[in-house]
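These notes concern the structure reproduced below.
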Amino acid sequence: MLTRTAVILILTAAAARAESVPAPPIHTYSEWSRETLSRLPTDIPKVRIVLHHTAYPVSAADKKLTGTAGWRASVVHARRAQFLHRHIHGWKDIGYHFMIDWEGRIWQGRRVEKKGASVQSFNNGTIGVALFGNFENQHPRPEQMRALKRWLAYLVYAYKIPPTSIFGHHQFNSTQCPGRNL
């Protein structure tokens with residue numbers, strides 16, 4: 001597992017060398033959500049990225065699923081996070097801008113130009129990125145970590161966010177998120 005400092009150094013070096021960082025493929029909101037995008041406030045320009053975990057464990061059985069069955073299990077996980085945010089927390093929609101499943105697929109949450117709802121009192125200018133799983137009890141899969149690194153490199157490049165402005169949720173609020181194993 002790379003330390004925060006190592007990740008920042010790798011991203012800084014990659015951003016300095018790259019003329020452009022292509023966006024990895026993203027599964028759109030409409031591919032997984034049964035909801036319609038609600039009217040959300042537009043955010044200020046993005047200045048930081050905050051990492052999360054969904055805090056729902058991913059079962060060993062789900063991790064073994066491939067193809068359509070693996071896709072469906074990931075959709076269930078994304079919808080569970082959305083249900084928590086909408087119906088338990090009372091937010092207008094899922095709080096994250098992006099999510100990464102255990103196979104390394106990137107899922108769109110809120111549109112990035114909209115204000116997130118994942119870092120209490122620090123949502124302005126924040127891009128929220130969550131990995132599926134509970135990383136207090138589990139470890140992210142290598143596929144997730146590769147996708148996270150690739151996605152962070154893209155976000156740093158696309159939004160001109162310094163790699164030193166990538167944080168864990170716990171650095172802003174009293175929480176264990178994104179878990180000791182991430």
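Following the order of the structure tokens, chains are lettered A, B, ..., residues in each are numbered from 1, and ligands are numbered from 1.
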
Give me the residues of segment 46-107 of chain A that have any atom at most 6 Å from an atom of segment 112-125 of chain A; for each, the nearest atom pair and the distance in Å, rounded to one decimal. Use only C-alpha atoms, sort by chain and number, and format it as a tab-separated table.
```
residue	atom	partner	partner_atom	distance
A:Lys46	CA	A:Gly125	CA	4.0
A:Val47	CA	A:Gly125	CA	5.1
A:Gly95	CA	A:Ala117	CA	4.2
A:His97	CA	A:Val112	CA	5.7
```

Going by DSSP on the backbone, which residues of chain A come out as strand (DSSP E or B)? List them as JSON, numbers by chain. {"A": [26, 27, 42, 48, 49, 50, 51, 52, 53, 98, 99, 100, 106, 107, 108, 114, 126, 127, 128, 129, 130, 131, 166, 167, 168]}

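Nearest residue to Ala130 of chain A, choosing from A:Pro142, A:Pro57, A:Pro178, A:Pro162 and counting only C-alpha atoms: A:Pro178.
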
**OP:** For Pro24 of chain A, list every protein, DNA or RNA residue within 9 Å, evaluated using only C-alpha atoms, and leave out those in the same chain fewer than 3 positions away; present the list as a PyMOL selection string.
**Re:** chain A and resi 106+147+150-151+154

Dump of C-alpha atoms for the selected residues, as an mmCIF file, in the first residue's frame:
```
data_model
loop_
_atom_site.group_PDB
_atom_site.id
_atom_site.type_symbol
_atom_site.label_atom_id
_atom_site.label_comp_id
_atom_site.auth_asym_id
_atom_site.auth_seq_id
_atom_site.Cartn_x
_atom_site.Cartn_y
_atom_site.Cartn_z
ATOM 1 C CA ILE A 106 -15.589 4.143 -12.440
ATOM 2 C CA ALA A 147 -8.319 2.681 -11.246
ATOM 3 C CA ARG A 150 -5.518 6.582 -12.949
ATOM 4 C CA TRP A 151 -8.665 8.538 -11.996
ATOM 5 C CA TYR A 154 -6.954 12.533 -14.592
#
```

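Residues in contact with Ser74 of chain A at 10 Å, where only C-alpha atoms are counted and same-chain residues fewer than 5 positions away are skipped, are listed as Trp32, Val58, Asp62, Lys63, Leu65, Thr68, Ala69, Arg79, Arg80, Ile100, Asp101, Trp102, Glu103, Arg105, Trp107 and Phe132 of chain A.
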
Correct to one decimal, the distance atom CA of Ser20 of chain A-atom CA of Gln171 of chain A is 29.5 Å

| Skipping near chain neighbours, those fewer than 5 positions away, what residues fall within 10 Å of Tyr29 of chain A using only C-alpha atoms, listed as a list in words? |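 Non-adjacent residues within range: Arg34, Glu35, Thr36, Leu37, Ala78, His97, Phe98, Trp107, Gln108, Gly109, Arg110 and Arg111 of chain A.
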
Who sits within 12 Å of Phe83 of chain A, only C-alpha atoms, same chain under 6 positions skipped, as a ChimeraX atom specification
/A:33-35,54,76-77,89-95

Taking C-alpha atoms for each residue, export the selection above as a short mmCIF file (atom, residue, chain, number, x, y, z; two decimals), in the first residue's frame.
```
data_model
loop_
_atom_site.label_atom_id
_atom_site.label_comp_id
_atom_site.auth_asym_id
_atom_site.auth_seq_id
_atom_site.Cartn_x
_atom_site.Cartn_y
_atom_site.Cartn_z
CA SER A 33 -29.51 4.81 -10.91
CA ARG A 34 -33.29 4.45 -10.88
CA GLU A 35 -33.54 8.08 -9.80
CA THR A 54 -18.90 3.47 0.93
CA VAL A 76 -26.77 -2.90 -6.14
CA HIS A 77 -23.83 -1.47 -4.17
CA HIS A 89 -29.15 11.40 5.40
CA GLY A 90 -31.87 13.35 3.57
CA TRP A 91 -29.59 14.63 0.81
CA LYS A 92 -30.96 15.35 -2.66
CA ASP A 93 -28.93 12.53 -4.23
CA ILE A 94 -25.78 10.48 -3.79
CA GLY A 95 -23.15 12.71 -2.22
#
```

**Request:** Any chance you could list, as a VMD selection string, the residues in segment 49-132 of chain A that come up helix (DSSP H, G or I) when DSSP is run on the backbone?
**Result:** chain A and resid 60 to 64 67 to 88

Using only N, CA and C atoms, please write the residues we just selected to a file, as a PDB file, in the first residue's frame.
```
ATOM      1  N   ALA A  60     -17.033 -11.590  -0.404  1.00  0.00           N
ATOM      2  CA  ALA A  60     -16.127 -12.412  -1.213  1.00  0.00           C
ATOM      3  C   ALA A  60     -16.883 -12.985  -2.405  1.00  0.00           C
ATOM      4  N   ALA A  61     -18.151 -13.324  -2.213  1.00  0.00           N
ATOM      5  CA  ALA A  61     -18.963 -13.857  -3.312  1.00  0.00           C
ATOM      6  C   ALA A  61     -19.140 -12.810  -4.412  1.00  0.00           C
ATOM      7  N   ASP A  62     -19.397 -11.558  -4.034  1.00  0.00           N
ATOM      8  CA  ASP A  62     -19.548 -10.505  -5.034  1.00  0.00           C
ATOM      9  C   ASP A  62     -18.249 -10.292  -5.800  1.00  0.00           C
ATOM     10  N   LYS A  63     -17.119 -10.344  -5.104  1.00  0.00           N
ATOM     11  CA  LYS A  63     -15.829 -10.131  -5.759  1.00  0.00           C
ATOM     12  C   LYS A  63     -15.525 -11.209  -6.796  1.00  0.00           C
ATOM     13  N   LYS A  64     -16.123 -12.393  -6.656  1.00  0.00           N
ATOM     14  CA  LYS A  64     -15.895 -13.487  -7.599  1.00  0.00           C
ATOM     15  C   LYS A  64     -16.774 -13.379  -8.843  1.00  0.00           C
ATOM     16  N   GLY A  67     -18.648 -10.525 -15.441  1.00  0.00           N
ATOM     17  CA  GLY A  67     -19.633 -10.248 -16.484  1.00  0.00           C
ATOM     18  C   GLY A  67     -20.868  -9.547 -15.957  1.00  0.00           C
ATOM     19  N   THR A  68     -22.016  -9.965 -16.464  1.00  0.00           N
ATOM     20  CA  THR A  68     -23.292  -9.339 -16.102  1.00  0.00           C
ATOM     21  C   THR A  68     -23.583  -9.467 -14.611  1.00  0.00           C
ATOM     22  N   ALA A  69     -23.259 -10.595 -14.010  1.00  0.00           N
ATOM     23  CA  ALA A  69     -23.522 -10.783 -12.572  1.00  0.00           C
ATOM     24  C   ALA A  69     -22.687  -9.818 -11.736  1.00  0.00           C
ATOM     25  N   GLY A  70     -21.423  -9.610 -12.112  1.00  0.00           N
ATOM     26  CA  GLY A  70     -20.571  -8.654 -11.405  1.00  0.00           C
ATOM     27  C   GLY A  70     -21.082  -7.231 -11.570  1.00  0.00           C
ATOM     28  N   TRP A  71     -21.523  -6.918 -12.781  1.00  0.00           N
ATOM     29  CA  TRP A  71     -22.105  -5.599 -13.057  1.00  0.00           C
ATOM     30  C   TRP A  71     -23.319  -5.365 -12.155  1.00  0.00           C
ATOM     31  N   ARG A  72     -24.224  -6.356 -12.112  1.00  0.00           N
ATOM     32  CA  ARG A  72     -25.450  -6.204 -11.301  1.00  0.00           C
ATOM     33  C   ARG A  72     -25.115  -6.027  -9.823  1.00  0.00           C
ATOM     34  N   ALA A  73     -24.126  -6.751  -9.326  1.00  0.00           N
ATOM     35  CA  ALA A  73     -23.732  -6.615  -7.917  1.00  0.00           C
ATOM     36  C   ALA A  73     -23.196  -5.206  -7.653  1.00  0.00           C
ATOM     37  N   SER A  74     -22.450  -4.653  -8.595  1.00  0.00           N
ATOM     38  CA  SER A  74     -21.945  -3.281  -8.436  1.00  0.00           C
ATOM     39  C   SER A  74     -23.082  -2.267  -8.462  1.00  0.00           C
ATOM     40  N   VAL A  75     -24.067  -2.487  -9.331  1.00  0.00           N
ATOM     41  CA  VAL A  75     -25.237  -1.594  -9.373  1.00  0.00           C
ATOM     42  C   VAL A  75     -25.957  -1.615  -8.027  1.00  0.00           C
ATOM     43  N   VAL A  76     -26.121  -2.792  -7.454  1.00  0.00           N
ATOM     44  CA  VAL A  76     -26.766  -2.902  -6.137  1.00  0.00           C
ATOM     45  C   VAL A  76     -25.980  -2.102  -5.102  1.00  0.00           C
ATOM     46  N   HIS A  77     -24.674  -2.196  -5.138  1.00  0.00           N
ATOM     47  CA  HIS A  77     -23.834  -1.475  -4.171  1.00  0.00           C
ATOM     48  C   HIS A  77     -23.988   0.045  -4.353  1.00  0.00           C
ATOM     49  N   ALA A  78     -23.956   0.519  -5.587  1.00  0.00           N
ATOM     50  CA  ALA A  78     -24.120   1.953  -5.852  1.00  0.00           C
ATOM     51  C   ALA A  78     -25.490   2.439  -5.390  1.00  0.00           C
ATOM     52  N   ARG A  79     -26.523   1.651  -5.653  1.00  0.00           N
ATOM     53  CA  ARG A  79     -27.875   2.040  -5.241  1.00  0.00           C
ATOM     54  C   ARG A  79     -28.024   2.035  -3.715  1.00  0.00           C
ATOM     55  N   ARG A  80     -27.329   1.141  -3.054  1.00  0.00           N
ATOM     56  CA  ARG A  80     -27.362   1.110  -1.583  1.00  0.00           C
ATOM     57  C   ARG A  80     -26.761   2.399  -1.018  1.00  0.00           C
ATOM     58  N   ALA A  81     -25.637   2.839  -1.591  1.00  0.00           N
ATOM     59  CA  ALA A  81     -25.024   4.096  -1.147  1.00  0.00           C
ATOM     60  C   ALA A  81     -25.952   5.264  -1.446  1.00  0.00           C
ATOM     61  N   GLN A  82     -26.578   5.251  -2.602  1.00  0.00           N
ATOM     62  CA  GLN A  82     -27.506   6.321  -2.964  1.00  0.00           C
ATOM     63  C   GLN A  82     -28.709   6.351  -2.020  1.00  0.00           C
ATOM     64  N   PHE A  83     -29.245   5.184  -1.676  1.00  0.00           N
ATOM     65  CA  PHE A  83     -30.372   5.110  -0.751  1.00  0.00           C
ATOM     66  C   PHE A  83     -29.988   5.709   0.602  1.00  0.00           C
ATOM     67  N   LEU A  84     -28.827   5.356   1.108  1.00  0.00           N
ATOM     68  CA  LEU A  84     -28.352   5.895   2.381  1.00  0.00           C
ATOM     69  C   LEU A  84     -28.294   7.426   2.325  1.00  0.00           C
ATOM     70  N   HIS A  85     -27.712   7.947   1.273  1.00  0.00           N
ATOM     71  CA  HIS A  85     -27.549   9.398   1.161  1.00  0.00           C
ATOM     72  C   HIS A  85     -28.894  10.105   1.004  1.00  0.00           C
ATOM     73  N   ARG A  86     -29.773   9.561   0.169  1.00  0.00           N
ATOM     74  CA  ARG A  86     -31.058  10.228  -0.094  1.00  0.00           C
ATOM     75  C   ARG A  86     -32.054  10.046   1.045  1.00  0.00           C
ATOM     76  N   HIS A  87     -32.224   8.813   1.482  1.00  0.00           N
ATOM     77  CA  HIS A  87     -33.345   8.505   2.369  1.00  0.00           C
ATOM     78  C   HIS A  87     -32.987   8.427   3.847  1.00  0.00           C
ATOM     79  N   ILE A  88     -31.733   8.261   4.167  1.00  0.00           N
ATOM     80  CA  ILE A  88     -31.311   8.254   5.573  1.00  0.00           C
ATOM     81  C   ILE A  88     -30.715   9.614   5.939  1.00  0.00           C
TER      82      ILE A  88
END
```
